[in-house]
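Peer 1: Before anything else, here's the structure in question.
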Amino acid sequence: MNTDNLVKELGINHIGIIMDGNGRWAQKRGLPRKAGHPKGAEAFKKCLDSCVKLGVPCVTFYAFSTENWSRPKDEVDSLMNLFLSFMDEMMKLSSKNIRLRFIGSRDGVPEKICAKMDEAESRTVGNTGTWCCVAFNYGGKEEILHATKKIALEYKNGSIGIDDIDETAFNSCLYTEGLPDVDLIIRPSGEQRLSNFLIWQAAYAEFVFMDVLWPDFSEKDLIAALVEYGKRNRRFGGV
Ligand code: IPE
Ligand code: IPE
Ligand code: MG
């Protein structure tokens, strides 16, 4: 199958990927859950390369949710350490013309990680290729509350009137400001839910749920999800 123009032909602007199933991948092999996360990070790198190769304009990866803090401390600590060491690799992405964006709340995120996120974003700020967003300490509900507070402050200081609060104004207060709405959400691992991922932006997204566990997710799976997307009939409420 020639995939050179697939993404363009499908008109895809933004793909969201819920990187799920690391823990089960490890447990299936008799390993502790946390052993699955470095494998998940490898799958992330490969998937990002595939997205760049396929010409995906924007891809958002769900890496850590606002609810994931409720996991055992040992697992949360190992995820934070993994993320920190992984950030150094992310810095190298600048050579691939990738634009990096971290979406989510900074509350409770270790200062060292925040500094690396800022550095990685600023290093890739001049790039013009694929947008790679990483949702870290991200929750869709938190994002909507964050945007609401921002708008309330603007109203309070007189810079916005009630009638100016429309979708465009609201979009500009979200972490995804300036990025297109999500066309396709892919969730491996067999679960069929959003788990608080991009709940505003996915209002008209197509969902592809797959049985593969994230560490095993390959370019073949990504293409299969794109092909499935191509069979959908998006109507946006029309006929
Ligand atoms: C996804 O894999 C990674 C994060 C949520 C950080 P999980 O750790 O949720 O793996 P499962 O779903 O328990 O198998
Ligand atoms: C969603 O996966 C969050 C990430 C992949 C980062 P979870 O494993 O946390 O979701 P639930 O708990 O199964 O809904
Ligand atoms: Mg999970």
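Residue numbering restarts at 1 in every chain; chains get A, B, ... in the order shown in the structure tokens, and ligands count up from 1 in that same order.
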Run DSSP on the backbone and grab whatever in stretch 2-230 of chain A lands in helix (DSSP H, G or I); send it over as a PyMOL selection string.

Peer 2: chain A and resi 6-10+22-28+33-54+68-70+73-96+111-123+140-156+162-164+167-171+214-216+219-230

Peer 1: Which polymer residues have any atom within 8 Å of an atom of stretch 97-111 of chain A, counting only C-alpha atoms, with same-chain residues fewer than 6 positions away left out, as a PyMOL selection string?

Peer 2: chain A and resi 117+120-121+124-139+142-143+175-176

Peer 1: Could I get the residue neighbourhood of ligand 1 at 9 Å, counting only C-alpha atoms and all ligand atoms, as a list of chain:residue names?

Peer 2: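 So, counting only C-alpha atoms and all ligand atoms, the residues near ligand 1 are A:Ile18, A:Met19, A:Asp20, A:Gly21, A:Asn22, A:Gly23, A:Arg24, A:Trp25, A:Ala26, A:Gln27, A:Arg33, A:Lys34, A:Gly36, A:His37, A:Gly40, A:Tyr62, A:Ala63, A:Phe64, A:Ser65, A:Asn68, A:Glu75, A:Val76, A:Leu79, A:Ser189, A:Glu191, A:Leu213, A:Trp214, A:Pro215.
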
Peer 1: With distances taken over only C-alpha atoms, which of A:Ala225, A:Met90, A:Ala43, A:Leu153 is nearest to A:Ile15?

Peer 2: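 Looking only at the distances to A:Ile15, the closest residue turns out to be A:Ala225.
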
Peer 1: Closest to A:Gly16 among A:Trp69, A:Phe86, A:Phe209, A:Tyr155, using only C-alpha atoms?

Peer 2: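 Nearest candidate to A:Gly16 out of A:Trp69, A:Phe86, A:Phe209, A:Tyr155: A:Phe209.
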
Peer 1: Select, from A:Gly55, A:Gly230, A:Pro32, A:Gly238, the residue with the minimum atom-to-atom distance to A:Asp183, counting only C-alpha atoms.

Peer 2: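 Closest candidate: A:Gly230.
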